[in-house]
Amino acid sequence: MTVQTGVTHEAAASSSSHSAAATRRYDAVVVGAGFGGLATALRLVEEGARVAVCETLKYPGGCASTFEHQGYRFEAGATLFSGFGDGQLFRRWIDRHALDVVVDWLDPVVELRAPSLHLAIDADRDTFQARLSALPDAPRAGLQRFFDLQRAAAEALWPLLDDPGLLPPFGVRALARHVLRLPRYLPLARWLGRPLTAVLAHCGLEDWEPLRIYADALCQITVQCPAHEAEALFALSTMDYYFRGTGHVRGGIGHLAWALVEAIRAGGGEVLFTHRVRGLERSPGGWRVDTRRGVLEARTVAANLLPQDVARLLTPRGEEPRSDRQLDRVGAAVADGWGACMLYRVVRPAPLEQATRGHDPAAARHVEIVQDVSRPFIEGNHLFCSLSARADPERAPLGWRTLTVSTHVPMATLLGLDPEERGDYVEQVQQRMKFGLARHAPEWRDDVRFATTASPRTFARFTGRHEGFVGGVPRRAGFSHYRRSALVPPPVRPGLFLIGDSVFPGQSTLATALGGVKAAERMLRLL
């Protein structure tokens with residue numbers, strides 16, 4: 001299957017939208033073509049369901065998309081993507097549907113740069129542990145204990161992402177399989193509800209700065225909070241992120257999103273771009289989905305939206321949103337989360353002044369920067385940078401490369417300011433980002449062909465997400481993550497399911513897609 005790009009995609013989207021005009025009844029309508037929505041739709045069409053995906057934009061991927069601006073193609077967010085290893089979800093789909101997607105494996109996967117530390121994060125856990133152990137004054141015995149525990153947690157919990165049959169753990173077959181896995185689970189029980197720093201203290205590593213920097217940086221971009229707040233088991237398992245099927249999608253993550261669109265269409269589904277949904281209303285036998293191009297009827301609906309946006313769609317025009325226990329609960333968790341400030345640039349890197357030994361200078365690069373390890377890893381103090389490969393003509397002309405840089409901003413802080421103050425706050429954060437990039441990645445500083453910025457307001461405008469929240473719910477220490485309602489959120493209304501990064505597992509593109517698969521399987525029982 002050949003994946004189209006650029007103008008051809010838009011023409012295909014327009015054609016699909018017009019062809020759907022006479023077909024208004026579906027088994028399922030999916031609102032939003034982010035990876036949660038695409039995964040839901042693909043799983044449904046694999047079982048023969050009649051599906052329509054409604055997307056506001058003219059391209060798929062949502063917050064994990066590749067967008068075009070002034071002839072350049074940027075990742076919306078600076079990040080890596082997992083799920084491409086043998087047996088993992090995206091790899092299974094690539095093989096099953098013959099998707100034209102190429103993943104470049106990087107080693108090192110990420111370079112971590114701080115004033116006192118330059119650390120390559122290898123694609124192999126043992127190699128990375130050996131690299132840490134070789135640092136001056138490294139507590140080797142403590143590191144061995146920590147990585148033994150980290151490996152045990154990852155081997156127990158990553159199959160929940162690799163094997164959808166293990167989630168939810170409440171069916172007869174799933175329970176039987178989990179019983180067989182009890183010897184893996186039981187040694188981890190002592191860490192339930194405790195922060196990752198408790199594990200570091202147990203291993204005698206709480207004061208060893210290199211591992212603390214690594215743990216805080218990784219936790220911030222995976223479980224969305226620092227190590228002293230992070231739920232230990234979530235954090236330990238996500239530390240395997242760099243070691244399991246994580247790579248760089250050639251052409252950008254949007255290339256994978258378009259490939260999934262084509263797979264949905266090949267299976268008989270419809271993906272309707274520039275089809276913004278304006279309201280959801282119960283109807284006999286299902287739902288009425290009011291879009292800017294007309295009304296669709298469906299037996300079930302999956303909303304790849306934040307709970308605040310679902311509440312808005314359920315509210316008749318002119319009325320205030322009504323209280324809803326489930327949406328309010330998830331919405332409160334989201335409100336404790338993050339937005340992102342972004343820098344987008346087109347650069348021609350100078351000779352690598354801080355190159356990692358053995359790194360291919362033409363390959364894609366991912367660099368994590370911490371300016372001051374004593375301050376929180378947010379608001380421009382902590383940056384994640386993604387640079388396209390030199391030979392990627394879809395992204396930038398030959399010799400030039402697109403660079404995406406992101407940092408977390410606490411939305412409670414931003415929304416607590418008046419509109420004028422918000423602009424000043426964002427400007428200060430972005431100035432801090434520019435300073436950190438110039439200081440810690442000087443090879444990208446001088447030859448800049450194009451530069452622009454983005455903020456939570458930008459994400460709200462283009463993706464439609466409430467206030468521009470991104471990144472999902474912070475997984476702070478506590479037992480709430482293990483409740484049945486957290487693992488398998490109930491329908492918001494009969495036949496209406498909430499999917500995306502605000503519900504479990506929701507901490508990565510892979511996890512969001514898996515959540516969509518699980519929602520699809522529950523929807524299939526209603527069809």
# chains A, B, ... in the order shown; residues from 1 in each chain; ligands from 1
call {"tool": "residues_around", "arguments": {"residues": "range 304-320 of chain A", "least_positions_apart": "2", "cutoff": "7 Å", "atoms": "only C-alpha atoms", "output": "ChimeraX atom specification"}}
result
/A:31-32,34,36-37,278-281,302,322,327,330-331,465-466,498-500,502
call {"tool": "residues_around", "arguments": {"residues": "Ala298 in chain A", "least_positions_apart": "6", "cutoff": "6 Å", "atoms": "only C-alpha atoms", "output": "VMD selection string"}}
result
chain A and resid 25 to 29 286 to 287
call {"tool": "closest_residue", "arguments": {"among": "A:Arg476, A:Arg145, A:His248, A:Arg345", "to": "Arg445 in chain A", "atoms": "only C-alpha atoms"}}
result
A:Arg345
call {"tool": "residues_around", "arguments": {"residues": "Ala259 in chain A", "least_positions_apart": "5", "cutoff": "12 Å", "atoms": "only C-alpha atoms", "output": "PyMOL selection string"}}
result
chain A and resi 1-5+9+35+38-39+42+59-61+90+93-95+97-102+249+251-254+264-266
call {"tool": "atom_distance", "arguments": {"atom1": "CA of Glu368 in chain A", "atom2": "CA of Ala120 in chain A"}}
result
10.1 Å
call {"tool": "atom_distance", "arguments": {"atom1": "CA of Ala363 in chain A", "atom2": "CA of Thr238 in chain A"}}
result
24.6 Å
call {"tool": "residues_around", "arguments": {"residues": "Gly247 in chain A", "least_positions_apart": "2", "cutoff": "9 Å", "atoms": "only C-alpha atoms", "output": "CSV table (one decimal) with N, CA, C and O atoms, in the first residue's frame"}}
result
chain,number,residue,atom,x,y,z
A,80,LEU,N,9.7,11.0,20.7
A,80,LEU,CA,9.9,9.7,20.1
A,80,LEU,C,8.6,8.9,20.1
A,80,LEU,O,7.7,9.2,20.9
A,81,PHE,N,8.6,7.8,19.3
A,81,PHE,CA,7.4,7.0,19.3
A,81,PHE,C,7.8,5.5,19.4
A,81,PHE,O,8.7,5.0,18.8
A,82,SER,N,7.0,4.8,20.2
A,82,SER,CA,7.2,3.4,20.4
A,82,SER,C,6.1,2.5,19.8
A,82,SER,O,5.2,3.1,19.2
A,83,GLY,N,6.2,1.2,20.0
A,83,GLY,CA,5.2,0.3,19.4
A,83,GLY,C,5.6,-0.3,18.1
A,83,GLY,O,4.8,-0.9,17.5
A,84,PHE,N,6.9,-0.2,17.7
A,84,PHE,CA,7.3,-0.7,16.4
A,84,PHE,C,8.1,-1.9,16.5
A,84,PHE,O,8.6,-2.4,15.5
A,103,VAL,N,10.7,2.8,9.8
A,103,VAL,CA,11.2,3.3,11.1
A,103,VAL,C,12.7,3.2,11.1
A,103,VAL,O,13.3,2.1,10.8
A,104,ASP,N,13.3,4.3,11.5
A,104,ASP,CA,14.8,4.3,11.6
A,104,ASP,C,15.1,4.1,13.1
A,104,ASP,O,14.6,4.8,14.0
A,105,TRP,N,15.9,3.1,13.4
A,105,TRP,CA,16.4,2.8,14.7
A,105,TRP,C,17.6,3.6,15.1
A,105,TRP,O,18.5,3.6,14.3
A,106,LEU,N,17.6,4.3,16.2
A,106,LEU,CA,18.6,5.2,16.6
A,106,LEU,C,19.4,4.6,17.8
A,106,LEU,O,18.8,4.0,18.7
A,109,VAL,N,19.5,6.5,21.5
A,109,VAL,CA,18.1,7.0,21.2
A,109,VAL,C,18.0,8.4,21.5
A,109,VAL,O,17.4,9.2,20.8
A,242,TYR,N,12.8,3.7,26.0
A,242,TYR,CA,13.8,3.8,25.0
A,242,TYR,C,14.4,2.4,24.6
A,242,TYR,O,15.1,2.4,23.6
A,245,GLY,N,11.1,-1.0,21.0
A,245,GLY,CA,10.4,-0.6,19.8
A,245,GLY,C,10.3,0.8,19.6
A,245,GLY,O,9.3,1.3,19.0
A,249,VAL,N,10.1,7.8,12.9
A,249,VAL,CA,9.3,7.4,11.7
A,249,VAL,C,9.8,8.3,10.6
A,249,VAL,O,9.8,9.6,10.7
call {"tool": "residues_around", "arguments": {"residues": "Ala460 in chain A", "least_positions_apart": "3", "cutoff": "12 Å", "atoms": "only C-alpha atoms", "output": "list in words"}}
result
Gly62, Cys63, Leu305, Leu306, Asp309, Gly339, Ala340, Ala454, Ser455, Pro456, Arg457, Thr463, Gly464, Arg465, His466, Glu467, Gly468, Phe469 and Val470 of chain A
call {"tool": "closest_residue", "arguments": {"among": "A:Met342, A:Leu403, A:Val295, A:Leu135", "to": "His366 in chain A", "atoms": "only C-alpha atoms"}}
result
A:Leu403
call {"tool": "residues_around", "arguments": {"residues": "Asp122 in chain A", "least_positions_apart": "2", "cutoff": "10 Å", "atoms": "only C-alpha atoms", "output": "VMD selection string"}}
result
chain A and resid 106 to 111 119 to 120 124 to 129 131 242 to 243
